[in-house]
Each structure stands twice: as C-alpha cells, then as structure tokens.
Amino acid sequence: PLTASHYAYLKISEGCLKGCSFCIIPKIKGPLSSRPLEAVVEEATQLVQERGIKELIVVGQDTSDYGVDLYGQPRIAELLGRLSKVGGLRWIRLLYCHPRGITRDLIETIRDEPAICKYLDMAIEHADDGVLERMNRGITQATLRQHVRTLRDEIPGIALRTSVITGFPGETEAAFEHLLGFLQEIQFERLGAFRYSREEGSASYRFPDQVPAEVTEARYDRLMRAQQEISVQINARWLGTTCDVLIDEADPSDPTVFLGRTRADCPEVDGTVFVHSKDPLAPGTFVPVKITDTYEYDLVGTVAD
C-alpha cells in the first residue's frame with residue numbers, strides 16, 4: 001500500500017471505450033476491461049478488515065462504463081451500492097466519470113447511500129461545442145449544463161470536481177472564452193486544468209491549427225486565476241459551519257495543528273482543513289470541526305464541542 005492506512009484507491013477497471021482524440025489510453029491499456037463485481041467487493045472488504053480503511057476511492061480510466069464489457073450494461077451504481085454495505089467504511093468516493101455516463105440510477109445511488117460522499121469527479125475537458133466535437137467527447141455544452149443542473153437538484157450540497165484542457169488544436173480565442181464563461185457560470189467546487197499535450201499516436205496529434213505553447217500557457221493562467229476567485233467564494237460558504245473532518249496527519253511544524261479533509265475533498269488533489277486542537281488527533285479519525293477561516297483552496301477550523 002502506498003497510501004495512508006485509513007484510505008485506499010480501489011481500481012475497478014482498465015482501459016476505455018470512449019476514444020477521445022487527445023488520449024492514447026485505449027492504445028496503451030486496450031478497451032474497457034472490468035473486474036468482476038464480486039472481486040471488487042471482496043477486495044474492499046479485505047481493505048477494511050486488514051488495514052482498517054475508512055475511505056475508499058473508486059478509480060478506473062472511465063468508471064462510469066464499469067461492467068459494460070462483462071454484463072452488457074454499466075453497473076457502477078450497483079457496485080457503489082454493494083460497497084456501501086461493507087461494514088466499517090465511512091466514505092466512498094467516485095472518480096473519473098465521463099459525463100455521458102451519469103445515469104439516473106447512479107445519481108440516486110450517490111444521493112441515497114449515506115456512505116457515498118456527495119462528491120463526483122466528472123471531467124468535462126472543454127465547454128465549446130466545436131472543441132468538444134474535435135475532442136470526440138460526444139457531448140455538447142448544453143448537455144453538460146443539464147447534467148450539472150440535475151446533479152445539484154437531485155443531490156443537495158454535492159461537490160463537483162472537473163478537469164479541463166487549454167490549448168487543444170483549433171481552440172480559438174472565442175472557444176476559450178466559451179470555456180471560461182461556462183466555468184464562471186457553473187462554478188465547479190473543484191477543478192483541475194491541464195495544458196494540451198500533443199501525444200504521438202493520438203488522433204489530435206495530426207490535427208492542424210496546433211496552438212502555440214505560449215498561448216496555451218497564457219490561457220491556462222487566466223483560467224486558473226478565474227477558478228481561484230470561484231474557489232474563494234465557495235470556501236467562504238463554509239465559514240461558521242461545523243462539518244465532519246477526516247484527519248490525515250499531524251502538521252509537522254505545529255503540534256497543535258492537524259491536517260484533514262471534508263467529504264468534499266479527495267486526497268492529493270483537493271483542499272485541506274487545518275484543524276487546531278489542544279489534544280492529539282490520530283490519523284483516520286473523524287472529528288467535528290467548526291470552520292473559523294477560509295483561504296483560496298483550504299479551510300481552517302477548531303474541534304467543535
């Protein structure tokens with residue numbers, strides 16, 4: 001195990017069926033190859049029993065297609081429901097969903113199962129229809145907007161994480177403005193951005209109108225500044241609230257501060273809660289924390305009575 005003792009990544013599949021033009025995963029990993037549902041549940045059970053795992057992070061190249069190759073249809077919702085019944089698990093987190101795989105049963109499972117974090121990682125990659133078409137994403141900005149609206153309506157308080165790419169071949173200034181405007185409108189709770197990487201073997205490697213590196217970088221910087229402002233506004237909503245925080249580790253520079261996460265934060269990619277406590281807090285414990293201050297991406301709080 002490469003993670004802390006209280007959380008683990010659970011890989012449920014390899015490969016992908018989607019064929020995005022910027023990606024070479026299908027050439028490296030092959031088409032989707034799902035693990036049998038029973039084997040995944042068995043591994044999750046072992047992680048809890050043998051390592052004391054409290055949080056399980058479900059991953060794969062495209063988790064929303066899980067089971068299509070084995071069962072003829074996606075069974076990610078059923079898998080999450082089965083995992084939520086594993087005794088001892090407090091949080092289950094789903095990463096790497098394609099927006100086209102957000103189905104009604106998946107929404108209802110995330111909404112109704114207490115152990116499943118009201119959190120979803122759903123990469124949109126872009127929001128300009130022309131760029132989305134060249135990326136072979138099979139979706140439009142209007143459909144993305146509807147997916148977000150449905151998720152927020154059906155799952156109150158859900159934290160949505162997404163990722164986007166700047167500088168994709170043919171991305172004009174107007175197309176980038178469409179992306180930026182969409183992000184400012186939607187206000188994703190969590191966002192990661194990537195500069196387009198011209199991968200040999202991908203379909204987009206041969207596309208004309210490759211965007212100069214300095215333009216890609218400038219757009220990346222603009223986008224991240226905009227997201228920072230969005231994150232400041234979102235984090236401000238936490239001020240004065242009390243929430244459960246999973247403690248990850250002690251702050252090595254201050255014996256009265258401990259680093260943890262809310263349900264809305266995945267390890268390694270999202271924010272941190274700096275928890276002030278006069279008593280030691282062990283990694284893997286859940287504590288109620290009152291949020292007393294907020295930063296661009298992180299929160300500060302004290303252990304609540």
# chains A, B, ... in the order shown; residues from 1 in each chain; ligands from 1
call {"tool": "residues_around", "arguments": {"residues": "segment 253-267 of chain A", "least_positions_apart": "5", "cutoff": "8 Å", "atoms": "only C-alpha atoms", "output": "ChimeraX atom specification"}}
result
/A:91,93,117-119,158-159,243-248,272-281
call {"tool": "write_last_selection", "arguments": {"atoms": "C-alpha atoms", "output": "mmCIF file, in the first residue's frame"}}
result
data_model
loop_
_atom_site.group_PDB
_atom_site.id
_atom_site.type_symbol
_atom_site.label_atom_id
_atom_site.label_comp_id
_atom_site.auth_asym_id
_atom_site.auth_seq_id
_atom_site.Cartn_x
_atom_site.Cartn_y
_atom_site.Cartn_z
ATOM 1 C CA TRP A 91 -16.690 7.343 2.987
ATOM 2 C CA ARG A 93 -15.670 8.474 -3.298
ATOM 3 C CA CYS A 117 -19.655 11.049 -0.460
ATOM 4 C CA LYS A 118 -21.793 13.689 -2.093
ATOM 5 C CA TYR A 119 -18.897 14.275 -4.432
ATOM 6 C CA ILE A 158 -22.828 17.850 -3.921
ATOM 7 C CA ALA A 159 -19.244 18.887 -4.637
ATOM 8 C CA CYS A 243 -18.582 19.602 9.483
ATOM 9 C CA ASP A 244 -17.036 16.169 9.890
ATOM 10 C CA VAL A 245 -13.342 16.121 9.033
ATOM 11 C CA LEU A 246 -11.219 13.028 8.411
ATOM 12 C CA ILE A 247 -7.783 13.550 9.937
ATOM 13 C CA ASP A 248 -4.930 12.601 7.587
ATOM 14 C CA THR A 272 -7.057 20.682 3.260
ATOM 15 C CA VAL A 273 -8.650 21.587 6.581
ATOM 16 C CA PHE A 274 -6.119 22.885 9.123
ATOM 17 C CA VAL A 275 -7.613 21.724 12.416
ATOM 18 C CA HIS A 276 -6.476 23.362 15.662
ATOM 19 C CA SER A 277 -6.716 21.083 18.665
ATOM 20 C CA LYS A 278 -5.090 21.081 22.092
ATOM 21 C CA ASP A 279 -5.423 17.284 22.164
ATOM 22 C CA PRO A 280 -3.738 14.928 19.675
ATOM 23 C CA LEU A 281 -5.887 13.757 16.758
#
call {"tool": "residues_around", "arguments": {"residues": "Cys16 of chain A", "least_positions_apart": "2", "cutoff": "9 Å", "atoms": "only C-alpha atoms", "output": "VMD selection string"}}
result
chain A and resid 13 to 14 18 to 19 25 to 26 29 to 33 60 to 62 65
call {"tool": "select_by_dssp", "arguments": {"residues": "segment 106-180 of chain A", "states": "helix (DSSP H, G or I)", "output": "ChimeraX atom specification"}}
result
/A:106-112,129-134,141-154,173-180
call {"tool": "write_last_selection", "arguments": {"atoms": "C-alpha atoms", "output": "tab-separated table (two decimals), in the first residue's frame"}}
result
chain	number	residue	atom	x	y	z
A	106	LEU	CA	-26.03	6.47	-10.45
A	107	ILE	CA	-27.46	9.79	-9.28
A	108	GLU	CA	-29.95	8.05	-6.99
A	109	THR	CA	-27.29	5.78	-5.51
A	110	ILE	CA	-24.98	8.69	-4.68
A	111	ARG	CA	-27.94	10.58	-3.24
A	112	ASP	CA	-29.43	7.80	-1.16
A	129	ASP	CA	-19.10	22.79	-28.87
A	130	GLY	CA	-16.56	22.94	-31.69
A	131	VAL	CA	-13.70	21.87	-29.43
A	132	LEU	CA	-15.81	19.17	-27.80
A	133	GLU	CA	-16.60	17.77	-31.24
A	134	ARG	CA	-12.93	17.71	-32.26
A	141	GLN	CA	-22.21	22.44	-23.67
A	142	ALA	CA	-25.99	22.38	-23.30
A	143	THR	CA	-25.93	18.74	-22.21
A	144	LEU	CA	-23.11	19.42	-19.77
A	145	ARG	CA	-25.12	22.27	-18.27
A	146	GLN	CA	-28.15	19.99	-17.90
A	147	HIS	CA	-26.06	17.27	-16.21
A	148	VAL	CA	-24.75	19.77	-13.65
A	149	ARG	CA	-28.21	21.16	-13.02
A	150	THR	CA	-29.65	17.68	-12.48
A	151	LEU	CA	-26.84	16.63	-10.14
A	152	ARG	CA	-27.22	19.72	-7.99
A	153	ASP	CA	-31.00	19.50	-7.94
A	154	GLU	CA	-31.03	15.80	-7.06
A	173	GLU	CA	-9.77	32.81	-28.51
A	174	ALA	CA	-13.56	32.70	-28.86
A	175	ALA	CA	-13.62	28.99	-27.99
A	176	PHE	CA	-11.50	29.62	-24.92
A	177	GLU	CA	-13.85	32.42	-23.86
A	178	HIS	CA	-16.75	29.96	-24.16
A	179	LEU	CA	-14.92	27.62	-21.79
A	180	LEU	CA	-14.05	30.39	-19.35
call {"tool": "closest_residue", "arguments": {"among": "A:Gly167, A:Ile124, A:Ala236, A:Gln228", "to": "Val211 of chain A", "atoms": "only C-alpha atoms"}}
result
A:Gly167
call {"tool": "closest_residue", "arguments": {"among": "A:Pro212, A:Gly240, A:Gly52, A:Pro36", "to": "Thr285 of chain A", "atoms": "only C-alpha atoms"}}
result
A:Gly52
call {"tool": "select_by_dssp", "arguments": {"residues": "segment 29-267 of chain A", "states": "strand (DSSP E or B)", "output": "count of residues only"}}
result
50
call {"tool": "residues_around", "arguments": {"residues": "segment 44-47 of chain A", "least_positions_apart": "5", "cutoff": "9 Å", "atoms": "only C-alpha atoms", "output": "mmCIF file with N, CA, C and O atoms, in the first residue's frame"}}
result
data_model
loop_
_atom_site.group_PDB
_atom_site.id
_atom_site.type_symbol
_atom_site.label_atom_id
_atom_site.label_comp_id
_atom_site.auth_asym_id
_atom_site.auth_seq_id
_atom_site.Cartn_x
_atom_site.Cartn_y
_atom_site.Cartn_z
ATOM 1 N N TYR A 7 -7.100 5.281 4.185
ATOM 2 C CA TYR A 7 -7.813 5.366 2.912
ATOM 3 C C TYR A 7 -7.050 4.591 1.843
ATOM 4 O O TYR A 7 -5.856 4.338 1.964
ATOM 5 N N ALA A 8 -7.792 4.204 0.795
ATOM 6 C CA ALA A 8 -7.175 3.404 -0.267
ATOM 7 C C ALA A 8 -7.897 3.667 -1.578
ATOM 8 O O ALA A 8 -9.078 4.007 -1.604
ATOM 9 N N LEU A 10 -9.264 2.035 -5.019
ATOM 10 C CA LEU A 10 -9.773 0.742 -5.465
ATOM 11 C C LEU A 10 -9.989 0.803 -6.969
ATOM 12 O O LEU A 10 -10.924 1.453 -7.442
ATOM 13 N N ALA A 39 -15.367 -9.645 -7.085
ATOM 14 C CA ALA A 39 -13.946 -9.499 -6.747
ATOM 15 C C ALA A 39 -13.656 -8.111 -6.193
ATOM 16 O O ALA A 39 -12.843 -7.953 -5.276
ATOM 17 N N GLY A 52 -7.989 -1.553 8.076
ATOM 18 C CA GLY A 52 -8.808 -0.581 8.792
ATOM 19 C C GLY A 52 -9.179 0.626 7.962
ATOM 20 O O GLY A 52 -9.342 1.749 8.488
ATOM 21 N N ILE A 53 -9.354 0.428 6.657
ATOM 22 C CA ILE A 53 -9.673 1.532 5.751
ATOM 23 C C ILE A 53 -10.994 2.189 6.148
ATOM 24 O O ILE A 53 -11.990 1.520 6.415
ATOM 25 N N LEU A 56 -12.739 4.836 0.860
ATOM 26 C CA LEU A 56 -12.410 4.076 -0.335
ATOM 27 C C LEU A 56 -12.621 4.989 -1.542
ATOM 28 O O LEU A 56 -13.693 5.580 -1.705
ATOM 29 N N LEU A 83 -20.708 -1.691 -2.313
ATOM 30 C CA LEU A 83 -19.597 -1.219 -1.493
ATOM 31 C C LEU A 83 -20.092 -0.487 -0.252
ATOM 32 O O LEU A 83 -19.479 -0.560 0.818
ATOM 33 N N VAL A 86 -20.408 -2.545 2.893
ATOM 34 C CA VAL A 86 -19.229 -3.117 3.555
ATOM 35 C C VAL A 86 -19.070 -2.445 4.917
ATOM 36 O O VAL A 86 -18.882 -1.236 5.009
ATOM 37 N N GLY A 87 -19.161 -3.217 5.964
ATOM 38 C CA GLY A 87 -19.091 -2.671 7.309
ATOM 39 C C GLY A 87 -17.752 -2.016 7.601
ATOM 40 O O GLY A 87 -16.704 -2.563 7.270
ATOM 41 N N GLY A 88 -17.799 -0.852 8.227
ATOM 42 C CA GLY A 88 -16.580 -0.151 8.593
ATOM 43 C C GLY A 88 -16.199 0.976 7.666
ATOM 44 O O GLY A 88 -15.409 1.847 8.032
ATOM 45 N N LEU A 89 -16.737 0.969 6.445
ATOM 46 C CA LEU A 89 -16.442 2.055 5.512
ATOM 47 C C LEU A 89 -17.296 3.272 5.873
ATOM 48 O O LEU A 89 -18.516 3.174 5.972
#
call {"tool": "residues_around", "arguments": {"residues": "segment 289-296 of chain A", "least_positions_apart": "3", "cutoff": "6 Å", "atoms": "only C-alpha atoms", "output": "list in words"}}
result
Ser231, Val232, Leu239, Gly240, Thr241, Thr242, Cys243, Leu299, Val300, Gly301, Thr302, Val303 and Ala304 of chain A
call {"tool": "write_last_selection", "arguments": {"atoms": "N, CA, C and O atoms", "output": "short mmCIF file (atom, residue, chain, number, x, y, z; two decimals), in the first residue's frame"}}
result
data_model
loop_
_atom_site.label_atom_id
_atom_site.label_comp_id
_atom_site.auth_asym_id
_atom_site.auth_seq_id
_atom_site.Cartn_x
_atom_site.Cartn_y
_atom_site.Cartn_z
N SER A 231 -13.18 29.61 -6.22
CA SER A 231 -12.91 28.81 -5.03
C SER A 231 -12.99 29.65 -3.76
O SER A 231 -13.49 29.18 -2.73
N VAL A 232 -12.52 30.90 -3.83
CA VAL A 232 -12.63 31.79 -2.67
C VAL A 232 -14.10 31.97 -2.28
O VAL A 232 -14.45 31.90 -1.09
N LEU A 239 -17.63 29.14 6.16
CA LEU A 239 -17.29 29.90 7.36
C LEU A 239 -18.42 29.84 8.39
O LEU A 239 -19.58 30.12 8.08
N GLY A 240 -18.08 29.45 9.61
CA GLY A 240 -19.06 29.37 10.68
C GLY A 240 -19.82 28.07 10.75
O GLY A 240 -20.56 27.84 11.72
N THR A 241 -19.65 27.20 9.76
CA THR A 241 -20.35 25.91 9.78
C THR A 241 -19.52 24.88 10.54
O THR A 241 -18.33 25.05 10.77
N THR A 242 -20.17 23.78 10.92
CA THR A 242 -19.49 22.66 11.55
C THR A 242 -19.65 21.43 10.66
O THR A 242 -20.76 21.13 10.20
N CYS A 243 -18.55 20.75 10.38
CA CYS A 243 -18.58 19.60 9.48
C CYS A 243 -17.67 18.51 10.01
O CYS A 243 -16.75 18.76 10.79
N LEU A 299 -9.29 25.32 4.26
CA LEU A 299 -10.11 25.80 5.36
C LEU A 299 -9.32 25.70 6.67
O LEU A 299 -8.39 24.92 6.77
N VAL A 300 -9.74 26.48 7.64
CA VAL A 300 -9.14 26.46 8.98
C VAL A 300 -10.26 26.30 9.98
O VAL A 300 -11.35 26.90 9.82
N GLY A 301 -10.04 25.47 11.02
CA GLY A 301 -11.09 25.29 12.00
C GLY A 301 -10.56 24.76 13.32
O GLY A 301 -9.36 24.48 13.48
N THR A 302 -11.47 24.66 14.27
CA THR A 302 -11.16 24.10 15.59
C THR A 302 -12.11 22.96 15.88
O THR A 302 -13.23 22.93 15.38
N VAL A 303 -11.67 22.03 16.71
CA VAL A 303 -12.54 20.91 17.07
C VAL A 303 -13.74 21.45 17.82
O VAL A 303 -13.63 22.21 18.77
N ALA A 304 -14.92 21.06 17.34
CA ALA A 304 -16.17 21.55 17.95
C ALA A 304 -16.46 20.79 19.22
O ALA A 304 -16.04 19.63 19.40
#
call {"tool": "atom_distance", "arguments": {"atom1": "atom CA of Gly284 of chain A", "atom2": "atom CA of Ser163 of chain A"}}
result
28.0 Å
call {"tool": "atom_distance", "arguments": {"atom1": "atom CA of Ser34 of chain A", "atom2": "atom CA of Val68 of chain A"}}
result
7.8 Å
call {"tool": "closest_residue", "arguments": {"among": "A:Pro283, A:Pro169, A:Pro114, A:Gly181", "to": "Ile155 of chain A", "atoms": "only C-alpha atoms"}}
result
A:Pro114
call {"tool": "closest_atom_pairs", "arguments": {"of": "segment 19-47 of chain A", "to": "segment 197-206 of chain A", "cutoff": "8 Å", "atoms": "only C-alpha atoms", "output": "JSON lines"}}
result
{"residue": "A:Ser21", "atom": "CA", "partner": "A:Ala203", "partner_atom": "CA", "distance": 4.8}
{"residue": "A:Phe22", "atom": "CA", "partner": "A:Ser204", "partner_atom": "CA", "distance": 5.3}
{"residue": "A:Cys23", "atom": "CA", "partner": "A:Ser202", "partner_atom": "CA", "distance": 5.7}
{"residue": "A:Ile24", "atom": "CA", "partner": "A:Ser202", "partner_atom": "CA", "distance": 5.4}
call {"tool": "closest_residue", "arguments": {"among": "A:Ile102, A:Ile165, A:Ala115, A:Leu80", "to": "Tyr196 of chain A", "atoms": "only C-alpha atoms"}}
result
A:Ile165
call {"tool": "residues_around", "arguments": {"residues": "Leu160 of chain A", "least_positions_apart": "6", "cutoff": "6 Å", "atoms": "only C-alpha atoms", "output": "ChimeraX atom specification"}}
result
/A:119-120,188-189
call {"tool": "write_last_selection", "arguments": {"atoms": "C-alpha atoms", "output": "short mmCIF file (atom, residue, chain, number, x, y, z; two decimals), in the first residue's frame"}}
result
data_model
loop_
_atom_site.label_atom_id
_atom_site.label_comp_id
_atom_site.auth_asym_id
_atom_site.auth_seq_id
_atom_site.Cartn_x
_atom_site.Cartn_y
_atom_site.Cartn_z
CA TYR A 119 -18.90 14.27 -4.43
CA LEU A 120 -18.38 13.40 -8.07
CA PHE A 188 -17.42 23.88 -10.09
CA GLU A 189 -16.44 23.29 -6.48
#
call {"tool": "closest_residue", "arguments": {"among": "A:Val269, A:Gln184, A:Ala250, A:Thr3", "to": "Glu229 of chain A", "atoms": "only C-alpha atoms"}}
result
A:Gln184
